[in-house]
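Here the structure comes first, spelled out in structure tokens, and everything after it is commentary.
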Amino acid sequence: MGRYEDKNIVITGGSSGFGLATAQLLVDEGARVLITGRDQDRLDTARKQLGDNAIAVRSDAASLPAIDALADRVETEFGTVDALFANAGVNGFAPFQATDEELFDRLLAINAKGPYFTVQKLAPLLAEGSGVVLTTSVANVLGLPMLSAYAAGKAALRSMTRTLARELLPQKVRVNAVSPGPIDSGILEKSMPREVAEQMKTQMAADNPMSRMGTPSEIARAVVFLAFDATYTTGAELVVDGGGSQL
């Protein structure tokens with residue numbers, strides 16, 4: 001019997017990277033997991049990888065009608081939810097002077113508005129004692145160039161972690177955040193040419209105190225800890241960055 005047998009988990013942005021790694025860890029331990037994503041081919045691949053205990057739903061994390069539809073689907077599939085990993089997000093690199101309204105709105109809509117309303121719409125389904133995990137970033141606390149709009153969205157999520165944790169206390173639901181540093185999750189390759197991504201990853205590893213990038217499975221273990229084991233922790237942010245924001 002797996003450790004998370006009979007547990008129902010929702011993971012937005014679960015078709016790749018941190019989300020998929022977390023889904024795999026939980027499915028391997030007996031949980032039922034519903035993952036979302038926008039790319040149907042990637043969702044289909046993830047569903048095959050995860051097996052029969054996974055449900056893959058195409059959903060736009062920035063669309064309120066899509067979030068409403070997701071909540072209906074989750075209620076139909078699960079009834080109640082034991083953990084929610086509101087992980088869907090995108091990156092976007094641009095100098096401050098070149099950041100236009102379209103990029104700013106896209107990053108804030110997906111990275112801040114989406115998780116906010118995802119938690120709001122799914123909150124009535126969260127079981128007593130359940131955990132919500134949001135994905136922030138070390139960009140919350142570091143003045144990283146090219147990431148001003150991205151960092152603003154993630155800093156908003158850090159604030160939401162505290163306020164949503166306070167507001168969901170009467171429901172006995174905990175809300176925490178995982179804050180990844182440089183993780184080799186494949187996200188860089190999605191947003192830039194492969195050779196540029198490889199150069200960036202080499203530099204990130206060289207600059208990190210542990211002299212390497214992290215792995216999605218390391219984020220997954222942190223997420224599962226916050227969702228299930230950190231029973232006396234709420235409103236907190238767990239940094240998983242090889243010491244990059246601390247040392």
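Residue numbering restarts at 1 for every chain of the structure tokens, chains are lettered A, B, ... in their displayed order, and ligands are numbered from 1 as they appear.
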Each range 86-203 of chain A residue no farther than 9 Å from range 211-214 of chain A, nearest pair in Å, only C-alpha atoms, as JSON lines:
```
{"residue": "A:Pro180", "atom": "CA", "partner": "A:Gly214", "partner_atom": "CA", "distance": 8.5}
{"residue": "A:Gly181", "atom": "CA", "partner": "A:Gly214", "partner_atom": "CA", "distance": 7.6}
{"residue": "A:Pro182", "atom": "CA", "partner": "A:Met213", "partner_atom": "CA", "distance": 5.4}
{"residue": "A:Ile183", "atom": "CA", "partner": "A:Gly214", "partner_atom": "CA", "distance": 4.4}
{"residue": "A:Asp184", "atom": "CA", "partner": "A:Met213", "partner_atom": "CA", "distance": 6.1}
{"residue": "A:Ser185", "atom": "CA", "partner": "A:Gly214", "partner_atom": "CA", "distance": 8.5}
{"residue": "A:Lys201", "atom": "CA", "partner": "A:Met213", "partner_atom": "CA", "distance": 7.5}
{"residue": "A:Thr202", "atom": "CA", "partner": "A:Arg212", "partner_atom": "CA", "distance": 8.5}
```
Output for the residues just chosen: N, CA, C and O atoms as a compact mmCIF listing (two decimals), in the first residue's frame:
```txt
# COMPACT_ATOMS: atom_id res chain seq x y z
N PRO A 180 11.62 27.70 -5.99
CA PRO A 180 12.75 27.09 -6.69
C PRO A 180 13.80 28.12 -7.09
O PRO A 180 13.48 29.26 -7.45
N GLY A 181 15.03 27.69 -7.05
CA GLY A 181 16.12 28.44 -7.65
C GLY A 181 16.38 27.90 -9.04
O GLY A 181 15.44 27.54 -9.76
N PRO A 182 17.63 27.78 -9.46
CA PRO A 182 17.93 27.27 -10.80
C PRO A 182 17.69 25.76 -10.86
O PRO A 182 18.45 24.97 -10.30
N ILE A 183 16.62 25.38 -11.54
CA ILE A 183 16.24 23.98 -11.67
C ILE A 183 16.24 23.61 -13.15
O ILE A 183 15.69 24.35 -13.98
N ASP A 184 16.83 22.49 -13.47
CA ASP A 184 16.88 22.04 -14.86
C ASP A 184 15.57 21.34 -15.20
O ASP A 184 15.48 20.11 -15.25
N SER A 185 14.53 22.14 -15.43
CA SER A 185 13.18 21.62 -15.63
C SER A 185 12.74 21.61 -17.08
O SER A 185 11.65 21.13 -17.40
N LYS A 201 22.30 27.67 -18.52
CA LYS A 201 22.35 26.62 -17.49
C LYS A 201 23.77 26.41 -16.98
O LYS A 201 23.99 26.22 -15.78
N THR A 202 24.74 26.47 -17.88
CA THR A 202 26.14 26.34 -17.47
C THR A 202 26.53 27.46 -16.52
O THR A 202 27.19 27.25 -15.49
```
Residues of chain A in helix (DSSP H, G or I), written as a compact mmCIF listing (two decimals) with N, CA, C and O atoms, in the first residue's frame:
```txt
# COMPACT_ATOMS: atom_id res chain seq x y z
N GLY A 17 8.00 19.33 -16.17
CA GLY A 17 8.75 20.01 -15.12
C GLY A 17 8.38 19.61 -13.71
O GLY A 17 8.16 18.44 -13.40
N PHE A 18 8.29 20.63 -12.81
CA PHE A 18 8.00 20.36 -11.39
C PHE A 18 6.68 19.62 -11.23
O PHE A 18 6.55 18.72 -10.40
N GLY A 19 5.69 20.05 -11.98
CA GLY A 19 4.36 19.46 -11.83
C GLY A 19 4.33 17.99 -12.16
O GLY A 19 3.75 17.18 -11.43
N LEU A 20 4.96 17.62 -13.27
CA LEU A 20 4.99 16.22 -13.67
C LEU A 20 5.80 15.39 -12.69
O LEU A 20 5.41 14.27 -12.33
N ALA A 21 6.92 15.92 -12.23
CA ALA A 21 7.74 15.18 -11.26
C ALA A 21 6.97 14.95 -9.97
O ALA A 21 7.05 13.87 -9.36
N THR A 22 6.19 15.94 -9.53
CA THR A 22 5.39 15.80 -8.32
C THR A 22 4.28 14.78 -8.53
O THR A 22 4.00 13.94 -7.66
N ALA A 23 3.63 14.86 -9.69
CA ALA A 23 2.58 13.88 -10.01
C ALA A 23 3.14 12.47 -10.01
O ALA A 23 2.51 11.54 -9.48
N GLN A 24 4.32 12.28 -10.58
CA GLN A 24 4.92 10.95 -10.64
C GLN A 24 5.21 10.41 -9.24
O GLN A 24 4.93 9.25 -8.94
N LEU A 25 5.78 11.26 -8.39
CA LEU A 25 6.08 10.84 -7.02
C LEU A 25 4.81 10.38 -6.31
O LEU A 25 4.78 9.34 -5.64
N LEU A 26 3.73 11.15 -6.47
CA LEU A 26 2.49 10.83 -5.77
C LEU A 26 1.80 9.60 -6.34
O LEU A 26 1.31 8.74 -5.59
N VAL A 27 1.76 9.49 -7.66
CA VAL A 27 1.17 8.30 -8.29
C VAL A 27 1.92 7.04 -7.88
O VAL A 27 1.32 5.99 -7.60
N ASP A 28 3.24 7.15 -7.83
CA ASP A 28 4.05 5.99 -7.42
C ASP A 28 3.74 5.54 -6.00
O ASP A 28 3.99 4.38 -5.65
N GLN A 40 -2.08 19.76 -25.56
CA GLN A 40 -2.73 18.45 -25.52
C GLN A 40 -1.75 17.31 -25.74
O GLN A 40 -1.83 16.27 -25.10
N ASP A 41 -0.80 17.49 -26.65
CA ASP A 41 0.19 16.42 -26.90
C ASP A 41 1.02 16.15 -25.65
O ASP A 41 1.27 14.98 -25.31
N ARG A 42 1.45 17.21 -25.00
CA ARG A 42 2.24 17.02 -23.78
C ARG A 42 1.40 16.39 -22.68
O ARG A 42 1.89 15.54 -21.91
N LEU A 43 0.14 16.78 -22.58
CA LEU A 43 -0.75 16.16 -21.61
C LEU A 43 -0.93 14.68 -21.87
O LEU A 43 -0.90 13.86 -20.94
N ASP A 44 -1.11 14.32 -23.14
CA ASP A 44 -1.29 12.91 -23.49
C ASP A 44 -0.05 12.10 -23.13
O ASP A 44 -0.16 10.98 -22.60
N THR A 45 1.12 12.66 -23.39
CA THR A 45 2.37 11.97 -23.05
C THR A 45 2.50 11.79 -21.55
O THR A 45 2.88 10.71 -21.06
N ALA A 46 2.17 12.85 -20.80
CA ALA A 46 2.25 12.76 -19.34
C ALA A 46 1.27 11.74 -18.79
O ALA A 46 1.60 10.96 -17.88
N ARG A 47 0.07 11.72 -19.34
CA ARG A 47 -0.95 10.76 -18.89
C ARG A 47 -0.48 9.33 -19.10
O ARG A 47 -0.65 8.47 -18.23
N LYS A 48 0.13 9.05 -20.23
CA LYS A 48 0.65 7.70 -20.49
C LYS A 48 1.76 7.35 -19.51
O LYS A 48 1.85 6.22 -19.02
N GLN A 49 2.62 8.32 -19.23
CA GLN A 49 3.73 8.09 -18.30
C GLN A 49 3.22 7.79 -16.90
O GLN A 49 3.74 6.90 -16.22
N LEU A 50 2.20 8.52 -16.47
CA LEU A 50 1.72 8.41 -15.10
C LEU A 50 0.83 7.19 -14.86
O LEU A 50 0.76 6.68 -13.74
N LEU A 64 -10.59 32.52 -16.29
CA LEU A 64 -11.54 32.21 -15.21
C LEU A 64 -12.61 31.21 -15.63
O LEU A 64 -12.94 30.32 -14.84
N PRO A 65 -13.16 31.30 -16.85
CA PRO A 65 -14.10 30.24 -17.26
C PRO A 65 -13.46 28.86 -17.26
O PRO A 65 -14.10 27.87 -16.87
N ALA A 66 -12.20 28.78 -17.67
CA ALA A 66 -11.50 27.50 -17.66
C ALA A 66 -11.28 27.01 -16.23
O ALA A 66 -11.38 25.80 -15.95
N ILE A 67 -10.99 27.92 -15.32
CA ILE A 67 -10.80 27.53 -13.92
C ILE A 67 -12.12 27.06 -13.31
O ILE A 67 -12.15 26.09 -12.55
N ASP A 68 -13.22 27.73 -13.65
CA ASP A 68 -14.54 27.27 -13.20
C ASP A 68 -14.83 25.86 -13.72
O ASP A 68 -15.32 25.00 -12.97
N ALA A 69 -14.52 25.63 -15.00
CA ALA A 69 -14.75 24.30 -15.58
C ALA A 69 -13.86 23.26 -14.92
O ALA A 69 -14.29 22.11 -14.70
N LEU A 70 -12.64 23.65 -14.59
CA LEU A 70 -11.73 22.73 -13.90
C LEU A 70 -12.29 22.34 -12.54
O LEU A 70 -12.27 21.16 -12.15
N ALA A 71 -12.81 23.31 -11.80
CA ALA A 71 -13.38 23.02 -10.48
C ALA A 71 -14.54 22.04 -10.59
O ALA A 71 -14.67 21.11 -9.79
N ASP A 72 -15.37 22.21 -11.61
CA ASP A 72 -16.47 21.28 -11.83
C ASP A 72 -15.95 19.88 -12.13
O ASP A 72 -16.49 18.88 -11.63
N ARG A 73 -14.92 19.79 -12.95
CA ARG A 73 -14.36 18.49 -13.31
C ARG A 73 -13.73 17.82 -12.08
O ARG A 73 -13.90 16.60 -11.88
N VAL A 74 -13.03 18.60 -11.29
CA VAL A 74 -12.41 18.04 -10.08
C VAL A 74 -13.47 17.50 -9.13
O VAL A 74 -13.32 16.41 -8.56
N GLU A 75 -14.56 18.26 -8.96
CA GLU A 75 -15.63 17.78 -8.08
C GLU A 75 -16.24 16.50 -8.61
O GLU A 75 -16.54 15.58 -7.83
N THR A 76 -16.40 16.40 -9.92
CA THR A 76 -16.96 15.18 -10.51
C THR A 76 -16.02 13.99 -10.32
O THR A 76 -16.46 12.88 -9.98
N GLU A 77 -14.74 14.21 -10.54
CA GLU A 77 -13.76 13.12 -10.47
C GLU A 77 -13.44 12.70 -9.04
O GLU A 77 -13.30 11.51 -8.74
N PHE A 78 -13.29 13.69 -8.14
CA PHE A 78 -12.75 13.42 -6.81
C PHE A 78 -13.74 13.66 -5.67
O PHE A 78 -13.64 13.03 -4.62
N PHE A 96 13.90 45.63 -18.57
CA PHE A 96 12.84 46.49 -18.07
C PHE A 96 12.39 47.50 -19.13
O PHE A 96 11.19 47.68 -19.36
N GLN A 97 13.34 48.10 -19.82
CA GLN A 97 13.00 49.12 -20.81
C GLN A 97 12.24 48.54 -22.00
O GLN A 97 11.53 49.27 -22.71
N ALA A 98 12.38 47.25 -22.24
CA ALA A 98 11.74 46.63 -23.40
C ALA A 98 10.51 45.79 -23.04
O ALA A 98 9.91 45.16 -23.91
N GLU A 101 3.36 46.01 -22.53
CA GLU A 101 2.14 45.71 -21.80
C GLU A 101 1.69 44.27 -22.02
O GLU A 101 1.21 43.60 -21.09
N GLU A 102 1.85 43.77 -23.24
CA GLU A 102 1.41 42.41 -23.54
C GLU A 102 2.16 41.38 -22.71
O GLU A 102 1.56 40.46 -22.13
N LEU A 103 3.49 41.52 -22.63
CA LEU A 103 4.28 40.58 -21.84
C LEU A 103 3.94 40.71 -20.36
O LEU A 103 3.77 39.71 -19.66
N PHE A 104 3.84 41.94 -19.88
CA PHE A 104 3.52 42.16 -18.46
C PHE A 104 2.18 41.52 -18.11
O PHE A 104 2.07 40.78 -17.11
N ASP A 105 1.16 41.79 -18.93
CA ASP A 105 -0.17 41.25 -18.64
C ASP A 105 -0.18 39.72 -18.70
O ASP A 105 -0.83 39.06 -17.88
N ARG A 106 0.54 39.15 -19.66
CA ARG A 106 0.58 37.69 -19.79
C ARG A 106 1.21 37.06 -18.57
O ARG A 106 0.69 36.08 -18.01
N LEU A 107 2.34 37.60 -18.13
CA LEU A 107 3.03 37.01 -16.98
C LEU A 107 2.21 37.15 -15.70
O LEU A 107 2.13 36.20 -14.91
N LEU A 108 1.60 38.29 -15.49
CA LEU A 108 0.81 38.47 -14.27
C LEU A 108 -0.48 37.66 -14.31
O LEU A 108 -0.92 37.13 -13.28
N ALA A 109 -1.07 37.52 -15.50
CA ALA A 109 -2.31 36.75 -15.61
C ALA A 109 -2.07 35.28 -15.31
O ALA A 109 -2.85 34.64 -14.58
N ILE A 110 -1.01 34.72 -15.86
CA ILE A 110 -0.75 33.29 -15.68
C ILE A 110 -0.12 33.00 -14.32
O ILE A 110 -0.51 32.05 -13.63
N ASN A 111 0.83 33.84 -13.90
CA ASN A 111 1.62 33.53 -12.71
C ASN A 111 1.01 34.02 -11.40
O ASN A 111 1.37 33.52 -10.34
N ALA A 112 0.11 34.99 -11.46
CA ALA A 112 -0.49 35.52 -10.23
C ALA A 112 -2.01 35.37 -10.21
O ALA A 112 -2.56 34.78 -9.29
N LYS A 113 -2.68 35.90 -11.22
CA LYS A 113 -4.14 35.79 -11.25
C LYS A 113 -4.58 34.33 -11.30
O LYS A 113 -5.53 33.93 -10.60
N GLY A 114 -3.94 33.54 -12.13
CA GLY A 114 -4.33 32.14 -12.29
C GLY A 114 -4.30 31.35 -11.00
O GLY A 114 -5.31 30.74 -10.60
N PRO A 115 -3.17 31.32 -10.28
CA PRO A 115 -3.14 30.60 -9.01
C PRO A 115 -4.13 31.13 -7.98
O PRO A 115 -4.73 30.36 -7.24
N TYR A 116 -4.31 32.46 -7.95
CA TYR A 116 -5.25 33.06 -6.99
C TYR A 116 -6.65 32.49 -7.18
O TYR A 116 -7.29 32.01 -6.23
N PHE A 117 -7.13 32.52 -8.41
CA PHE A 117 -8.49 32.05 -8.65
C PHE A 117 -8.59 30.53 -8.67
O PHE A 117 -9.66 29.97 -8.37
N THR A 118 -7.50 29.85 -8.97
CA THR A 118 -7.51 28.39 -8.87
C THR A 118 -7.74 27.97 -7.42
O THR A 118 -8.57 27.10 -7.14
N VAL A 119 -7.03 28.59 -6.49
CA VAL A 119 -7.24 28.28 -5.07
C VAL A 119 -8.66 28.68 -4.65
O VAL A 119 -9.35 27.93 -3.95
N GLN A 120 -9.10 29.85 -5.09
CA GLN A 120 -10.45 30.30 -4.72
C GLN A 120 -11.52 29.31 -5.16
O GLN A 120 -12.43 28.96 -4.39
N LYS A 121 -11.45 28.87 -6.41
CA LYS A 121 -12.50 28.00 -6.95
C LYS A 121 -12.43 26.58 -6.41
O LYS A 121 -13.47 25.90 -6.30
N LEU A 122 -11.23 26.13 -6.05
CA LEU A 122 -11.10 24.76 -5.54
C LEU A 122 -11.18 24.69 -4.01
O LEU A 122 -11.32 23.60 -3.46
N ALA A 123 -11.11 25.84 -3.34
CA ALA A 123 -11.14 25.84 -1.87
C ALA A 123 -12.34 25.09 -1.29
O ALA A 123 -12.20 24.38 -0.29
N PRO A 124 -13.56 25.23 -1.87
CA PRO A 124 -14.69 24.49 -1.28
C PRO A 124 -14.53 22.98 -1.34
O PRO A 124 -15.22 22.26 -0.60
N LEU A 125 -13.63 22.49 -2.18
CA LEU A 125 -13.44 21.04 -2.31
C LEU A 125 -12.31 20.52 -1.44
O LEU A 125 -12.11 19.30 -1.35
N VAL A 138 12.97 32.27 -6.39
CA VAL A 138 13.98 33.10 -5.73
C VAL A 138 14.02 34.50 -6.33
O VAL A 138 14.60 35.41 -5.74
N ALA A 139 13.37 34.69 -7.48
CA ALA A 139 13.24 36.04 -8.04
C ALA A 139 12.45 36.96 -7.12
O ALA A 139 12.48 38.18 -7.28
N ASN A 140 11.73 36.38 -6.14
CA ASN A 140 11.04 37.18 -5.12
C ASN A 140 12.00 38.10 -4.38
O ASN A 140 11.63 39.21 -3.98
N SER A 148 11.91 41.45 -14.50
CA SER A 148 11.17 42.35 -13.62
C SER A 148 9.69 42.00 -13.53
O SER A 148 9.11 41.96 -12.43
N ALA A 149 9.03 41.72 -14.66
CA ALA A 149 7.60 41.39 -14.63
C ALA A 149 7.37 40.00 -14.04
O ALA A 149 6.43 39.79 -13.26
N TYR A 150 8.21 39.05 -14.40
CA TYR A 150 8.12 37.71 -13.84
C TYR A 150 8.27 37.76 -12.32
O TYR A 150 7.48 37.16 -11.58
N ALA A 151 9.27 38.51 -11.84
CA ALA A 151 9.52 38.61 -10.41
C ALA A 151 8.34 39.26 -9.69
O ALA A 151 7.99 38.87 -8.57
N ALA A 152 7.73 40.25 -10.33
CA ALA A 152 6.57 40.91 -9.72
C ALA A 152 5.43 39.92 -9.50
O ALA A 152 4.78 39.93 -8.44
N GLY A 153 5.18 39.07 -10.48
CA GLY A 153 4.14 38.06 -10.33
C GLY A 153 4.44 37.06 -9.24
O GLY A 153 3.55 36.68 -8.45
N LYS A 154 5.69 36.65 -9.15
CA LYS A 154 6.06 35.68 -8.13
C LYS A 154 6.06 36.30 -6.73
O LYS A 154 5.72 35.64 -5.74
N ALA A 155 6.43 37.58 -6.64
CA ALA A 155 6.35 38.26 -5.35
C ALA A 155 4.89 38.40 -4.91
O ALA A 155 4.58 38.29 -3.71
N ALA A 156 4.00 38.62 -5.87
CA ALA A 156 2.57 38.65 -5.54
C ALA A 156 2.13 37.31 -4.97
O ALA A 156 1.36 37.25 -3.99
N LEU A 157 2.61 36.22 -5.55
CA LEU A 157 2.27 34.89 -5.03
C LEU A 157 2.79 34.69 -3.62
O LEU A 157 2.14 34.05 -2.80
N ARG A 158 3.98 35.23 -3.33
CA ARG A 158 4.51 35.09 -1.98
C ARG A 158 3.59 35.78 -0.98
O ARG A 158 3.32 35.25 0.10
N SER A 159 3.08 36.96 -1.33
CA SER A 159 2.14 37.66 -0.47
C SER A 159 0.85 36.87 -0.34
O SER A 159 0.29 36.74 0.77
N MET A 160 0.35 36.34 -1.44
CA MET A 160 -0.88 35.53 -1.40
C MET A 160 -0.72 34.32 -0.49
O MET A 160 -1.68 33.91 0.17
N THR A 161 0.46 33.74 -0.46
CA THR A 161 0.68 32.58 0.40
C THR A 161 0.32 32.92 1.84
O THR A 161 -0.33 32.13 2.54
N ARG A 162 0.71 34.10 2.29
CA ARG A 162 0.40 34.51 3.66
C ARG A 162 -1.09 34.80 3.85
O ARG A 162 -1.71 34.33 4.81
N THR A 163 -1.66 35.60 2.95
CA THR A 163 -3.05 36.01 3.14
C THR A 163 -4.02 34.86 2.94
O THR A 163 -5.00 34.72 3.69
N LEU A 164 -3.76 34.01 1.95
CA LEU A 164 -4.65 32.86 1.75
C LEU A 164 -4.51 31.87 2.91
O LEU A 164 -5.49 31.25 3.33
N ALA A 165 -3.30 31.73 3.44
CA ALA A 165 -3.10 30.87 4.60
C ALA A 165 -3.95 31.35 5.78
O ALA A 165 -4.60 30.55 6.47
N ARG A 166 -3.96 32.65 5.99
CA ARG A 166 -4.77 33.21 7.08
C ARG A 166 -6.26 32.99 6.83
O ARG A 166 -7.00 32.58 7.73
N GLU A 167 -6.70 33.23 5.60
CA GLU A 167 -8.13 33.16 5.31
C GLU A 167 -8.66 31.73 5.26
O GLU A 167 -9.86 31.51 5.49
N LEU A 169 -7.51 29.33 7.28
CA LEU A 169 -7.34 28.69 8.59
C LEU A 169 -8.65 28.15 9.16
O LEU A 169 -8.66 27.03 9.71
N PRO A 170 -9.78 28.88 9.07
CA PRO A 170 -11.02 28.33 9.62
C PRO A 170 -11.44 27.02 8.96
O PRO A 170 -12.15 26.22 9.58
N GLN A 171 -10.98 26.80 7.72
CA GLN A 171 -11.29 25.57 7.01
C GLN A 171 -10.29 24.46 7.33
O GLN A 171 -10.40 23.34 6.85
N ILE A 187 12.25 24.45 -18.76
CA ILE A 187 11.50 25.68 -19.06
C ILE A 187 12.33 26.65 -19.90
O ILE A 187 11.79 27.39 -20.73
N LEU A 188 13.66 26.64 -19.72
CA LEU A 188 14.48 27.56 -20.51
C LEU A 188 14.43 27.21 -21.99
O LEU A 188 14.37 28.09 -22.85
N GLU A 189 14.44 25.91 -22.28
CA GLU A 189 14.40 25.48 -23.67
C GLU A 189 13.10 25.87 -24.37
O GLU A 189 13.05 25.96 -25.59
N LYS A 190 12.05 26.08 -23.58
CA LYS A 190 10.76 26.48 -24.16
C LYS A 190 10.73 27.95 -24.56
O LYS A 190 9.91 28.35 -25.38
N SER A 191 11.60 28.76 -23.95
CA SER A 191 11.51 30.20 -24.13
C SER A 191 12.66 30.82 -24.89
O SER A 191 12.66 32.03 -25.12
N ARG A 194 17.97 26.60 -28.02
CA ARG A 194 18.60 25.58 -27.17
C ARG A 194 20.02 25.95 -26.79
O ARG A 194 20.44 25.76 -25.65
N GLU A 195 20.80 26.49 -27.75
CA GLU A 195 22.20 26.81 -27.43
C GLU A 195 22.30 27.93 -26.40
O GLU A 195 23.18 27.90 -25.53
N VAL A 196 21.36 28.88 -26.46
CA VAL A 196 21.34 29.95 -25.44
C VAL A 196 20.94 29.37 -24.09
O VAL A 196 21.51 29.72 -23.05
N ALA A 197 19.96 28.48 -24.09
CA ALA A 197 19.53 27.84 -22.84
C ALA A 197 20.68 27.06 -22.20
O ALA A 197 20.87 27.11 -20.98
N GLU A 198 21.45 26.35 -23.02
CA GLU A 198 22.57 25.58 -22.47
C GLU A 198 23.62 26.49 -21.87
O GLU A 198 24.20 26.18 -20.81
N GLN A 199 23.89 27.62 -22.52
CA GLN A 199 24.84 28.58 -21.97
C GLN A 199 24.36 29.12 -20.63
O GLN A 199 25.13 29.26 -19.68
N MET A 200 23.06 29.43 -20.56
CA MET A 200 22.51 29.95 -19.31
C MET A 200 22.59 28.92 -18.20
O MET A 200 22.92 29.24 -17.06
N LYS A 201 22.30 27.67 -18.52
CA LYS A 201 22.35 26.62 -17.49
C LYS A 201 23.77 26.41 -16.98
O LYS A 201 23.99 26.22 -15.78
N THR A 202 24.74 26.47 -17.88
CA THR A 202 26.14 26.34 -17.47
C THR A 202 26.53 27.46 -16.52
O THR A 202 27.19 27.25 -15.49
N GLN A 203 26.10 28.68 -16.84
CA GLN A 203 26.41 29.83 -16.00
C GLN A 203 25.70 29.73 -14.65
O GLN A 203 26.28 30.03 -13.60
N MET A 204 24.43 29.31 -14.66
CA MET A 204 23.68 29.16 -13.41
C MET A 204 24.35 28.16 -12.48
O MET A 204 24.46 28.38 -11.27
N ALA A 205 24.79 27.04 -13.03
CA ALA A 205 25.46 26.03 -12.22
C ALA A 205 26.76 26.57 -11.64
O ALA A 205 27.08 26.34 -10.47
N ALA A 206 27.50 27.31 -12.46
CA ALA A 206 28.78 27.85 -11.99
C ALA A 206 28.58 28.88 -10.88
O ALA A 206 29.41 28.99 -9.96
N ASP A 207 27.48 29.64 -10.96
CA ASP A 207 27.22 30.69 -9.97
C ASP A 207 26.61 30.16 -8.67
O ASP A 207 26.58 30.88 -7.67
N PRO A 216 13.91 18.54 -11.04
CA PRO A 216 12.49 18.56 -10.72
C PRO A 216 12.10 17.64 -9.57
O PRO A 216 11.20 17.97 -8.79
N SER A 217 12.77 16.51 -9.44
CA SER A 217 12.43 15.59 -8.34
C SER A 217 12.75 16.19 -6.98
O SER A 217 12.07 15.88 -5.98
N GLU A 218 13.74 17.07 -6.92
CA GLU A 218 14.04 17.73 -5.64
C GLU A 218 12.94 18.73 -5.28
O GLU A 218 12.60 18.89 -4.10
N ILE A 219 12.39 19.39 -6.28
CA ILE A 219 11.23 20.26 -6.03
C ILE A 219 10.03 19.41 -5.61
O ILE A 219 9.28 19.77 -4.69
N ALA A 220 9.83 18.29 -6.29
CA ALA A 220 8.68 17.43 -6.00
C ALA A 220 8.68 16.99 -4.54
O ALA A 220 7.64 17.00 -3.88
N ARG A 221 9.83 16.61 -4.03
CA ARG A 221 9.89 16.16 -2.63
C ARG A 221 9.55 17.29 -1.67
O ARG A 221 8.89 17.08 -0.64
N ALA A 222 9.97 18.51 -2.01
CA ALA A 222 9.63 19.66 -1.17
C ALA A 222 8.13 19.95 -1.21
O ALA A 222 7.51 20.25 -0.19
N VAL A 223 7.54 19.85 -2.40
CA VAL A 223 6.10 20.09 -2.54
C VAL A 223 5.31 19.08 -1.72
O VAL A 223 4.37 19.45 -0.99
N VAL A 224 5.65 17.82 -1.83
CA VAL A 224 4.92 16.78 -1.11
C VAL A 224 5.07 16.95 0.41
O VAL A 224 4.13 16.75 1.17
N PHE A 225 6.25 17.36 0.84
CA PHE A 225 6.45 17.64 2.26
C PHE A 225 5.48 18.73 2.73
O PHE A 225 4.80 18.59 3.75
N LEU A 226 5.42 19.84 1.98
CA LEU A 226 4.53 20.93 2.36
C LEU A 226 3.07 20.53 2.30
O LEU A 226 2.26 20.93 3.15
N ALA A 227 2.72 19.73 1.30
CA ALA A 227 1.32 19.36 1.11
C ALA A 227 0.82 18.40 2.18
O ALA A 227 -0.34 18.49 2.60
N PHE A 228 1.68 17.50 2.64
CA PHE A 228 1.21 16.44 3.54
C PHE A 228 1.90 16.37 4.90
O PHE A 228 1.26 16.07 5.90
N ASP A 229 3.19 16.62 4.96
CA ASP A 229 3.94 16.36 6.20
C ASP A 229 4.11 17.59 7.08
O ASP A 229 4.32 17.46 8.29
```
If you run DSSP on this backbone, which residues of range 50-95 of chain A come out as strand (DSSP E or B), and could you give them as a short mmCIF file (atom, residue, chain, number, x, y, z; two decimals) with N, CA, C and O atoms, in the first residue's frame?
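Saved result, part-v1.cif, follows:
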```
data_model
loop_
_atom_site.label_atom_id
_atom_site.label_comp_id
_atom_site.auth_asym_id
_atom_site.auth_seq_id
_atom_site.Cartn_x
_atom_site.Cartn_y
_atom_site.Cartn_z
N ALA A 54 -3.90 8.61 -13.06
CA ALA A 54 -3.80 10.02 -13.43
C ALA A 54 -4.91 10.41 -14.39
O ALA A 54 -5.33 9.62 -15.24
N ILE A 55 -5.38 11.62 -14.25
CA ILE A 55 -6.36 12.23 -15.15
C ILE A 55 -5.72 13.49 -15.71
O ILE A 55 -5.18 14.30 -14.95
N ALA A 56 -5.75 13.65 -17.01
CA ALA A 56 -5.16 14.82 -17.66
C ALA A 56 -6.25 15.69 -18.25
O ALA A 56 -7.07 15.21 -19.03
N VAL A 57 -6.27 16.96 -17.88
CA VAL A 57 -7.31 17.89 -18.30
C VAL A 57 -6.66 19.11 -18.96
O VAL A 57 -5.82 19.78 -18.34
N ARG A 58 -7.06 19.39 -20.17
CA ARG A 58 -6.57 20.59 -20.83
C ARG A 58 -7.26 21.80 -20.21
O ARG A 58 -8.50 21.86 -20.14
N VAL A 81 -10.65 17.08 -2.26
CA VAL A 81 -9.24 17.12 -2.65
C VAL A 81 -8.38 17.18 -1.40
O VAL A 81 -8.67 17.94 -0.47
N ASP A 82 -7.31 16.39 -1.39
CA ASP A 82 -6.42 16.33 -0.23
C ASP A 82 -5.21 17.25 -0.37
O ASP A 82 -4.55 17.57 0.63
N ALA A 83 -4.88 17.65 -1.60
CA ALA A 83 -3.77 18.58 -1.82
C ALA A 83 -3.94 19.25 -3.17
O ALA A 83 -4.40 18.63 -4.13
N LEU A 84 -3.57 20.52 -3.22
CA LEU A 84 -3.60 21.29 -4.45
C LEU A 84 -2.23 21.92 -4.65
O LEU A 84 -1.74 22.67 -3.79
N PHE A 85 -1.60 21.60 -5.77
CA PHE A 85 -0.34 22.23 -6.15
C PHE A 85 -0.63 23.18 -7.30
O PHE A 85 -0.79 22.76 -8.45
N ALA A 86 -0.78 24.46 -6.98
CA ALA A 86 -1.07 25.48 -8.00
C ALA A 86 0.25 25.92 -8.61
O ALA A 86 0.88 26.89 -8.18
#
```
